[in-house]
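Q: Coordinates in run.cif, mmCIF, C-alpha atoms and all ligand atoms, are listed below.
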data_query
#
loop_
_atom_site.label_atom_id
_atom_site.label_comp_id
_atom_site.auth_asym_id
_atom_site.auth_seq_id
_atom_site.Cartn_x
_atom_site.Cartn_y
_atom_site.Cartn_z
CA MET A 277 46.78 19.92 24.33
CA GLU A 278 44.40 17.14 23.34
CA GLY A 279 41.26 18.38 21.57
CA LYS A 280 39.25 21.30 22.90
CA LYS A 281 38.47 22.49 26.38
CA TYR A 282 35.73 24.77 27.77
CA LEU A 283 37.46 27.61 29.58
CA TYR A 284 34.84 28.71 32.07
CA PRO A 285 31.91 26.29 32.38
CA SER A 286 30.22 28.14 35.26
CA ASP A 287 29.05 31.16 33.23
CA TYR A 288 28.19 32.18 29.67
CA MET A 289 30.94 34.25 28.09
CA ALA A 290 31.88 34.91 24.46
CA ASP A 291 34.03 36.97 22.04
CA PRO A 292 37.37 36.25 23.74
CA SER A 293 40.42 38.48 23.40
CA ALA A 294 43.57 36.80 24.72
CA HIS A 295 46.88 38.32 25.83
CA VAL A 296 49.86 37.38 27.96
CA PHE A 297 50.72 40.05 30.53
CA ASN A 298 53.48 39.42 33.10
CA ASP A 299 53.65 35.72 32.10
CA ARG A 300 49.96 35.18 32.85
CA LEU A 301 47.29 34.55 30.23
CA TYR A 302 44.32 36.95 30.36
CA ILE A 303 41.01 36.48 28.55
CA TYR A 304 38.70 39.47 28.06
CA PRO A 305 35.28 38.12 27.01
CA SER A 306 31.79 39.50 26.53
CA HIS A 307 29.45 38.43 29.34
CA ASP A 308 26.32 36.79 27.95
CA TRP A 309 23.06 36.55 29.87
CA ASP A 310 19.44 35.90 29.10
CA ALA A 311 17.77 39.33 28.88
CA GLY A 312 14.58 37.82 27.45
CA GLU A 313 14.91 39.75 24.18
CA CYS A 314 13.71 38.24 20.90
CA GLU A 315 16.38 37.12 18.45
CA ASP A 316 16.79 39.50 15.48
CA ASP A 317 19.29 40.17 12.69
CA ASP A 318 20.64 43.25 14.49
CA GLY A 319 21.80 41.25 17.51
CA GLY A 320 19.08 42.66 19.82
CA HIS A 321 19.35 39.42 21.81
CA PHE A 322 22.92 40.34 22.84
CA GLN A 323 22.20 42.69 25.76
CA MET A 324 25.46 42.35 27.69
CA ARG A 325 25.89 44.80 30.58
CA ASP A 326 29.37 44.20 31.99
CA TYR A 327 32.81 42.76 31.41
CA HIS A 328 34.78 40.26 33.48
CA VAL A 329 38.41 39.24 33.07
CA LEU A 330 39.60 35.65 33.40
CA SER A 331 43.22 34.63 33.92
CA PHE A 332 45.26 31.43 33.86
CA ASP A 333 48.73 30.42 34.90
CA ASP A 334 48.22 26.87 33.61
CA LEU A 335 45.92 26.95 30.60
CA GLU A 336 45.96 23.24 29.82
CA ASN A 337 45.49 21.74 33.28
CA GLY A 338 44.45 24.64 35.52
CA GLN A 339 41.21 26.49 36.21
CA ALA A 340 40.35 30.05 35.22
CA THR A 341 40.47 32.75 37.87
CA ASP A 342 37.50 35.10 37.44
CA HIS A 343 38.57 38.56 38.63
CA GLY A 344 34.95 39.72 38.64
CA VAL A 345 33.35 42.73 36.99
CA ILE A 346 35.93 45.10 35.54
CA LEU A 347 33.46 47.50 33.93
CA ASP A 348 29.67 47.90 34.01
CA VAL A 349 27.53 49.81 31.52
CA ASP A 350 26.22 52.00 34.35
CA GLN A 351 29.75 53.38 34.81
CA VAL A 352 29.98 54.55 31.20
CA ALA A 353 28.32 57.94 30.74
CA TRP A 354 27.87 57.70 26.95
CA ALA A 355 26.82 54.03 26.68
CA GLU A 356 23.24 52.86 27.04
CA LYS A 357 23.58 49.12 26.42
CA GLN A 358 25.06 46.17 24.50
CA MET A 359 28.60 45.90 25.84
CA TRP A 360 29.90 43.75 22.97
CA ASP A 361 33.41 42.58 22.10
CA SER A 362 36.42 44.26 23.75
CA ASP A 363 40.20 44.03 23.80
CA VAL A 364 43.04 45.19 26.06
CA VAL A 365 46.52 46.50 25.30
CA GLU A 366 49.39 47.42 27.62
CA LYS A 367 51.12 50.75 27.01
CA ASP A 368 53.73 52.35 29.27
CA GLY A 369 52.60 50.28 32.27
CA LYS A 370 48.88 51.08 31.88
CA TYR A 371 46.21 48.75 30.53
CA TYR A 372 43.70 50.11 28.04
CA LEU A 373 40.36 48.36 27.49
CA VAL A 374 38.81 49.26 24.14
CA PHE A 375 35.19 48.13 24.00
CA SER A 376 32.08 48.33 21.80
CA ALA A 377 28.80 49.66 23.17
CA LYS A 378 25.63 51.30 21.89
CA GLY A 379 25.09 54.94 22.78
CA TYR A 380 21.76 56.61 23.67
CA ASP A 381 21.53 57.67 20.01
CA GLY A 382 21.41 54.00 18.91
CA VAL A 383 24.89 54.19 17.36
CA PHE A 384 27.66 51.72 18.23
CA ARG A 385 30.99 53.36 19.15
CA LEU A 386 34.26 52.29 20.72
CA GLY A 387 34.93 53.26 24.31
CA LEU A 388 38.14 53.44 26.32
CA ALA A 389 38.78 52.53 29.96
CA VAL A 390 42.13 52.54 31.76
CA ALA A 391 43.62 50.42 34.56
CA ASP A 392 46.92 50.01 36.39
CA LYS A 393 46.69 46.20 36.28
CA PRO A 394 45.46 43.72 33.64
CA GLU A 395 42.67 42.61 35.98
CA GLY A 396 41.39 46.16 36.48
CA PRO A 397 39.43 47.92 37.79
CA PHE A 398 39.08 49.88 34.53
CA ILE A 399 38.04 53.54 34.70
CA PRO A 400 36.04 54.57 31.64
CA GLN A 401 36.43 57.82 29.77
CA GLU A 402 33.39 60.06 29.58
CA HIS A 403 33.16 60.06 25.79
CA PRO A 404 33.69 57.41 23.12
CA ILE A 405 36.95 57.41 21.19
CA ARG A 406 36.74 60.41 18.83
CA GLY A 407 35.66 59.39 15.32
CA SER A 408 34.98 55.78 16.30
CA PHE A 409 32.06 53.71 15.04
CA SER A 410 30.83 50.13 14.75
CA ILE A 411 32.01 47.20 16.92
CA ASP A 412 34.53 44.46 17.67
CA PRO A 413 37.84 46.22 18.36
CA CYS A 414 41.08 44.25 18.24
CA VAL A 415 43.96 46.30 19.63
CA PHE A 416 47.28 45.12 18.26
CA LYS A 417 50.69 46.25 19.53
CA ASP A 418 53.40 45.80 16.94
CA GLU A 419 57.02 45.00 17.78
CA ASP A 420 58.03 48.66 17.41
CA GLY A 421 55.44 49.66 20.03
CA SER A 422 52.95 51.15 17.55
CA ILE A 423 49.34 50.32 18.41
CA TYR A 424 46.62 49.70 15.82
CA THR A 425 42.91 49.10 16.33
CA TYR A 426 41.07 46.87 13.84
CA PHE A 427 37.29 47.11 14.05
CA GLY A 428 33.93 46.79 12.33
CA GLY A 429 30.98 44.46 12.02
CA LEU A 430 28.11 44.22 9.52
CA TRP A 431 24.33 44.11 10.09
CA GLY A 432 23.72 44.98 13.79
CA GLY A 433 27.35 46.11 14.06
CA GLN A 434 26.45 49.02 11.70
CA LEU A 435 29.67 48.95 9.63
CA GLN A 436 27.53 49.42 6.50
CA TRP A 437 26.45 52.84 7.83
CA TRP A 438 29.97 54.16 7.46
CA GLN A 439 30.81 53.42 3.82
CA PRO A 440 32.85 54.85 2.31
CA LEU A 441 34.96 55.79 5.32
CA ALA A 442 36.33 58.83 3.50
CA GLN A 443 32.96 60.62 3.76
CA GLY A 444 33.56 61.63 7.35
CA ASN A 445 31.92 60.69 10.56
CA ALA A 446 28.20 61.18 9.97
CA PRO A 447 26.32 57.87 9.95
CA ILE A 448 23.88 57.27 7.12
CA PRO A 449 21.39 54.85 8.67
CA GLY A 450 18.99 53.36 6.16
CA LYS A 451 20.84 54.64 3.09
CA TYR A 452 22.64 52.22 0.87
CA GLY A 453 23.31 54.21 -2.30
CA ASP A 454 23.99 52.45 -5.58
CA GLN A 455 27.12 54.53 -6.14
CA ASN A 456 28.78 52.42 -3.46
CA GLY A 457 27.65 49.17 -5.02
CA LEU A 458 25.24 48.74 -2.13
CA ILE A 459 21.62 47.73 -2.22
CA ASP A 460 18.77 48.73 0.05
CA LEU A 461 18.17 46.24 2.82
CA GLY A 462 14.42 46.40 2.83
CA PRO A 463 12.47 45.56 5.95
CA ALA A 464 14.40 43.75 8.66
CA ALA A 465 12.28 40.62 8.29
CA ASP A 466 13.64 40.13 4.75
CA ARG A 467 17.30 40.45 5.67
CA LYS A 468 18.18 36.80 5.86
CA THR A 469 18.15 36.53 2.10
CA GLN A 470 19.87 39.85 1.45
CA ILE A 471 23.34 41.21 1.70
CA PHE A 472 24.54 44.77 1.94
CA ALA A 473 26.56 44.88 -1.24
CA LYS A 474 25.83 43.39 -4.65
CA PRO A 475 27.42 39.94 -4.81
CA ASP A 476 29.94 40.90 -7.50
CA ALA A 477 30.88 44.25 -5.88
CA PRO A 478 33.90 44.40 -3.56
CA ALA A 479 33.06 43.20 -0.05
CA LEU A 480 32.50 45.96 2.50
CA PRO A 481 35.83 46.45 4.24
CA SER A 482 36.52 46.67 7.95
CA ALA A 483 38.76 49.40 9.36
CA VAL A 484 42.20 49.83 10.87
CA VAL A 485 43.58 52.91 12.57
CA LYS A 486 46.83 53.80 14.30
CA MET A 487 46.36 54.95 17.89
CA SER A 488 47.88 58.09 19.36
CA ASP A 489 49.79 58.26 22.66
CA ASP A 490 46.52 58.98 24.49
CA MET A 491 44.83 56.03 22.76
CA GLN A 492 42.63 58.09 20.47
CA PHE A 493 42.56 57.66 16.69
CA ALA A 494 45.79 59.17 15.38
CA GLU A 495 44.46 59.30 11.81
CA ALA A 496 41.31 58.67 9.80
CA PRO A 497 40.45 54.96 9.80
CA ARG A 498 41.70 53.12 6.71
CA GLN A 499 39.95 50.30 4.89
CA VAL A 500 41.27 46.78 5.45
CA LEU A 501 41.48 45.35 1.95
CA ILE A 502 41.37 41.57 1.52
CA LEU A 503 42.53 40.37 -1.89
CA ASP A 504 41.90 37.00 -3.44
CA LYS A 505 44.78 34.91 -4.81
CA ASN A 506 44.52 36.83 -8.13
CA GLY A 507 45.08 40.13 -6.38
CA GLU A 508 41.43 41.21 -6.82
CA PRO A 509 39.39 42.57 -3.88
CA MET A 510 37.30 39.81 -2.35
CA LYS A 511 33.68 40.02 -3.51
CA ALA A 512 30.64 40.70 -1.32
CA GLY A 513 29.07 37.43 -2.47
CA ASP A 514 32.06 35.35 -1.36
CA PRO A 515 31.16 33.27 1.73
CA HIS A 516 34.71 33.92 3.00
CA ARG A 517 34.46 37.71 3.03
CA PHE A 518 34.80 39.82 6.22
CA PHE A 519 31.75 40.23 8.46
CA GLU A 520 32.99 40.96 12.04
CA ALA A 521 35.38 39.86 14.82
CA SER A 522 38.74 41.17 13.59
CA TRP A 523 41.87 39.71 15.12
CA MET A 524 45.51 40.49 14.29
CA HIS A 525 48.55 38.46 15.25
CA LYS A 526 52.06 38.17 13.93
CA TYR A 527 53.82 34.90 13.14
CA LYS A 528 57.37 34.72 11.79
CA GLY A 529 57.28 38.37 10.72
CA LYS A 530 53.98 38.09 8.80
CA TYR A 531 50.75 39.87 9.74
CA TYR A 532 47.77 37.50 10.07
CA PHE A 533 44.41 39.27 9.85
CA SER A 534 41.61 36.87 10.87
CA TYR A 535 37.87 37.41 11.13
CA SER A 536 34.39 35.90 11.20
CA THR A 537 32.37 35.63 8.00
CA GLY A 538 29.12 36.10 9.97
CA ASP A 539 26.21 34.68 8.02
CA SER A 540 28.38 31.94 6.47
CA HIS A 541 29.83 31.17 9.95
CA PHE A 542 33.54 30.60 9.18
CA LEU A 543 36.66 31.93 10.84
CA CYS A 544 39.05 32.88 8.01
CA TYR A 545 42.43 34.54 7.64
CA ALA A 546 44.47 36.63 5.25
CA THR A 547 48.14 37.60 5.48
CA GLY A 548 50.12 40.72 4.69
CA ASP A 549 53.53 42.29 5.17
CA ASN A 550 52.47 45.36 7.16
CA PRO A 551 49.70 46.21 9.66
CA TYR A 552 47.57 48.16 7.16
CA GLY A 553 47.47 45.47 4.49
CA PRO A 554 46.37 44.74 1.87
CA PHE A 555 46.00 41.17 3.06
CA THR A 556 45.81 38.15 0.80
CA TYR A 557 43.13 35.60 1.60
CA GLN A 558 44.60 32.28 2.77
CA GLY A 559 41.77 30.06 3.98
CA VAL A 560 39.44 28.85 6.71
CA ILE A 561 40.77 28.57 10.26
CA MET A 562 37.62 27.06 11.76
CA THR A 563 34.47 25.60 10.21
CA PRO A 564 31.08 26.64 11.70
CA VAL A 565 30.42 25.96 15.38
CA VAL A 566 27.07 25.35 17.10
CA GLY A 567 25.47 28.81 17.35
CA TRP A 568 25.07 31.65 14.84
CA THR A 569 28.12 33.70 15.82
CA THR A 570 31.72 32.62 15.72
CA HIS A 571 34.47 34.80 17.16
CA HIS A 572 38.05 34.11 18.19
CA ALA A 573 41.46 35.26 19.37
CA ILE A 574 44.87 33.76 18.65
CA ALA A 575 47.77 33.96 21.11
CA GLU A 576 51.02 32.24 21.97
CA TYR A 577 51.42 31.07 25.55
CA LYS A 578 54.33 29.08 26.99
CA GLY A 579 55.63 28.23 23.52
CA LYS A 580 52.37 26.97 22.01
CA TRP A 581 49.80 28.72 19.82
CA TYR A 582 46.15 28.60 20.81
CA ILE A 583 42.82 29.69 19.35
CA PHE A 584 40.18 30.90 21.79
CA HIS A 585 36.56 30.99 20.60
CA HIS A 586 32.99 30.26 21.68
CA ASP A 587 30.11 27.96 20.85
CA CYS A 588 26.58 27.27 22.08
CA VAL A 589 26.79 23.57 22.88
CA PRO A 590 26.37 23.97 26.67
CA SER A 591 23.28 26.20 26.25
CA ASN A 592 21.71 23.78 23.74
CA ASP A 593 22.17 26.17 20.83
CA LYS A 594 20.80 29.35 22.42
CA THR A 595 22.79 31.71 20.27
CA TRP A 596 22.86 34.50 22.89
CA LEU A 597 24.30 32.16 25.58
CA ARG A 598 27.81 31.22 24.48
CA SER A 599 30.65 29.38 26.19
CA LEU A 600 34.39 29.99 25.87
CA LYS A 601 36.57 27.28 24.38
CA VAL A 602 40.24 26.76 23.52
CA CYS A 603 42.36 24.40 21.44
CA GLU A 604 45.85 24.42 19.98
CA LEU A 605 46.52 26.10 16.64
CA HIS A 606 49.05 24.51 14.31
CA TYR A 607 50.97 26.06 11.42
CA ASN A 608 52.38 24.24 8.44
CA GLU A 609 56.01 24.79 7.35
CA ASP A 610 54.90 27.45 4.83
CA GLY A 611 53.12 29.47 7.54
CA SER A 612 49.60 28.37 6.60
CA ILE A 613 47.22 27.48 9.44
CA GLN A 614 45.84 23.97 9.75
CA PRO A 615 42.01 24.25 9.67
CA ILE A 616 40.05 23.22 12.74
CA GLU A 617 36.68 21.45 12.78
CA GLY A 618 34.22 23.72 14.59
CA LEU A 619 31.88 20.94 15.70
CA ASP A 620 34.60 19.00 17.56
O1 LIG B 1 28.72 39.39 21.12
C1 LIG B 1 27.98 40.24 20.27
C2 LIG B 1 28.48 40.08 18.86
O2 LIG B 1 28.34 38.73 18.44
C3 LIG B 1 29.95 40.36 18.67
O3 LIG B 1 30.26 41.71 18.67
C4 LIG B 1 30.18 39.66 17.40
O4 LIG B 1 31.51 39.49 17.04
C5 LIG B 1 29.44 38.37 17.63
O5 LIG B 1 30.22 37.45 18.33
#
Before we go any further, please render this structure as structure tokens.
Ligand code: FUB

A:
Amino acid sequence: MEGKKYLYPSDYMADPSAHVFNDRLYIYPSHDWDAGECEDDDGGHFQMRDYHVLSFDDLENGQATDHGVILDVDQVAWAEKQMWDSDVVEKDGKYYLVFSAKGYDGVFRLGLAVADKPEGPFIPQEHPIRGSFSIDPCVFKDEDGSIYTYFGGLWGGQLQWWQPLAQGNAPIPGKYGDQNGLIDLGPAADRKTQIFAKPDAPALPSAVVKMSDDMQFAEAPRQVLILDKNGEPMKAGDPHRFFEASWMHKYKGKYYFSYSTGDSHFLCYATGDNPYGPFTYQGVIMTPVVGWTTHHAIAEYKGKWYIFHHDCVPSNDKTWLRSLKVCELHYNEDGSIQPIEGLD
């Protein structure tokens, strides 16, 4: 594939998850629209209400098929708004959509909806996944059939409310105790210059959890530890630390955990030898794109590897109106990923 291609120019969509089901490529994006909300550091301008699914049988030369709305916020009893990133996994012939949404209590949780086909319709469960929190699920099925969900996102994604994970499920909004190496955020208007952890403290980790047969959490979520090349936990002040948008894929037996660095706008990756990690930081996959957020998925289709992501070029940099894009992903002989220029 030469260069990059916009996947669906006729609508604003973002946060792609990509999977091949029955030889067809499916993209599960967030569905952006202009809700007229002011931009803020908690993502209040991302007021998505529904999900569509797109599919392709010829990614490079063909057009996307839009299968229409597969789930609307009004169908989900527990969710009030903000249908953010989602992912889909196949298990025993059923398709499970795991999605992020904000409940009536103002807390982001992960929801579950089930379908008989990859293109839906998806029937939501009445309650969020037990013990879930924060945003941006990536549901990864390993070769032995075990399913893991990676999730979490800082700032508006509320991951900082749930540190340390071992303390149970009660959120602690507004509290950033020193014992965790965290500092108080102060008023929202000041946030741009602040971070949630002291720069030389370990970066706040995302979470991974094994799923049970009924696609609930089979265990307490574990921290996803990213180590630097010296084997030390990556620091909160490192511009390559985790922020949101987890993705997991496997290449030549290695586990590749990739993510967005949020306020420093990179897509980065770390590798490990099992699904729980720890993962060792390897480098940047994509430099910043036009638009504040960057978010991706990596999948193999018809013998080639691709990265799916979004940018805000078509909307003239309106950060809440993003467009899906794809290009090829290339590995070096040693398994490292060749970095991609985000502005191309
Ligand atoms: O789409 C809303 C949020 O923006 C996602 O959850 C993040 O990953 C970022 O792309």

Q: Around all of ligand LIG 1 (chain B)'s listed atoms, make the axis-aligned box with 4 Å on each side and tell me centre and edge lengths in Å to one decimal, as AutoDock Vina command-line options.

A:
--center_x 29.7 --center_y 39.6 --center_z 19.1 --size_x 11.5 --size_y 12.3 --size_z 12.1

Q: Residues of chain A that approach ligand LIG 1 (chain B) to 9 Å or less, counting all atoms listed in the file: could you list each one with the shortest pair of atoms and its distance in Å to one decimal, rows by chain and increasing residue number, as CSV?

A:
residue,atom,partner,partner_atom,distance
A:Met289,CA,B:LIG1,O1,8.9
A:Ala290,CA,B:LIG1,O1,6.4
A:Asp291,CA,B:LIG1,O5,5.3
A:Pro305,CA,B:LIG1,O1,8.9
A:Ser306,CA,B:LIG1,O1,6.2
A:His307,CA,B:LIG1,O1,8.3
A:Asp308,CA,B:LIG1,O1,7.7
A:Gly319,CA,B:LIG1,C1,6.8
A:His321,CA,B:LIG1,C1,8.8
A:Phe322,CA,B:LIG1,C1,5.7
A:Gln323,CA,B:LIG1,C1,8.3
A:Met324,CA,B:LIG1,O1,7.9
A:Gln358,CA,B:LIG1,C1,7.8
A:Met359,CA,B:LIG1,C1,8.0
A:Trp360,CA,B:LIG1,O3,4.8
A:Asp361,CA,B:LIG1,O3,4.7
A:Ser362,CA,B:LIG1,O3,8.4
A:Ser376,CA,B:LIG1,O3,7.5
A:Ile411,CA,B:LIG1,O3,6.0
A:Asp412,CA,B:LIG1,O3,5.2
A:Pro413,CA,B:LIG1,O3,8.8
A:Gly428,CA,B:LIG1,O3,8.9
A:Gly429,CA,B:LIG1,O4,7.1
A:Gly432,CA,B:LIG1,C2,8.5
A:Gly433,CA,B:LIG1,O3,7.0
A:Phe519,CA,B:LIG1,O4,8.6
A:Glu520,CA,B:LIG1,O4,5.4
A:Ala521,CA,B:LIG1,O4,4.5
A:Ser522,CA,B:LIG1,O4,8.2
A:Tyr535,CA,B:LIG1,O4,8.9
A:Ser536,CA,B:LIG1,O4,7.4
A:Gly538,CA,B:LIG1,C5,8.0
A:Trp568,CA,B:LIG1,C5,8.5
A:Thr569,CA,B:LIG1,O5,5.0
A:Thr570,CA,B:LIG1,O5,5.7
A:His571,CA,B:LIG1,O5,5.1
A:His572,CA,B:LIG1,O5,8.5
A:His586,CA,B:LIG1,O5,8.4
A:Trp596,CA,B:LIG1,O1,7.8
A:Arg598,CA,B:LIG1,O1,8.9

Q: Kindly give the distance, in Å, that separates atom CA of Trp438 of chain A and atom CA of Asp489 of chain A, rounded to a single decimal.

A: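 Between these atoms lies a distance of 25.3 Å.
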
Q: Figure out the distance between atom CA of Val485 of chain A and atom CA of Pro400 of chain A, please, to one decimal in Å.

A: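 About the pair atom CA of Pro400 of chain A and atom CA of Val485 of chain A: they are 20.6 Å apart.
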
Q: Grab the atom CA of Ala479 of chain A to atom CA of Pro497 of chain A distance for me, in Å with one decimal place.

A: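 Going from atom CA of Ala479 of chain A over to atom CA of Pro497 of chain A, I get 17.0 Å.
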
Q: For a quick check of understanding, using all atoms listed in the file, which of A:Asn298, A:Gln339, A:Asn550, A:Ser410 has the smallest distance to Pro285 of chain A?

A: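 Closest candidate: A:Gln339.
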
Q: Between A:Gly279, A:Val560, A:Asp620, A:Trp309, which one has atoms that come closest to Val589 of chain A, using all atoms listed in the file?

A: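 Of A:Gly279, A:Val560, A:Asp620, A:Trp309, the one nearest Val589 of chain A is A:Asp620, counting all atoms listed in the file.
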
Q: Pick out the closest residue to Glu609 of chain A from this set: A:Ser488, A:Lys528, A:Phe427, A:Lys580. Count all atoms listed in the file.

A: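 The answer is A:Lys528, which sits nearest to Glu609 of chain A.
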
Q: Would you please work out which residue, of A:Cys544, A:Gly567, A:Asp333, A:Asp539, is nearest to Ser591 of chain A when using all atoms listed in the file?

A: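 Checking each candidate against Ser591 of chain A, we get A:Gly567 as the closest.
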
Q: Write out as a tab-separated table (two decimals) with C-alpha atoms, keeping the file's coordinate frame which residues come within 8 Å of Met562 of chain A when counting only C-alpha atoms, dropping same-chain ones fewer than 4 positions away.

A:
chain	number	residue	atom	x	y	z
A	542	PHE	CA	33.54	30.60	9.18
A	543	LEU	CA	36.66	31.93	10.84
A	544	CYS	CA	39.05	32.88	8.01
A	615	PRO	CA	42.01	24.25	9.67
A	616	ILE	CA	40.05	23.22	12.74
A	617	GLU	CA	36.68	21.45	12.78
A	618	GLY	CA	34.22	23.72	14.59
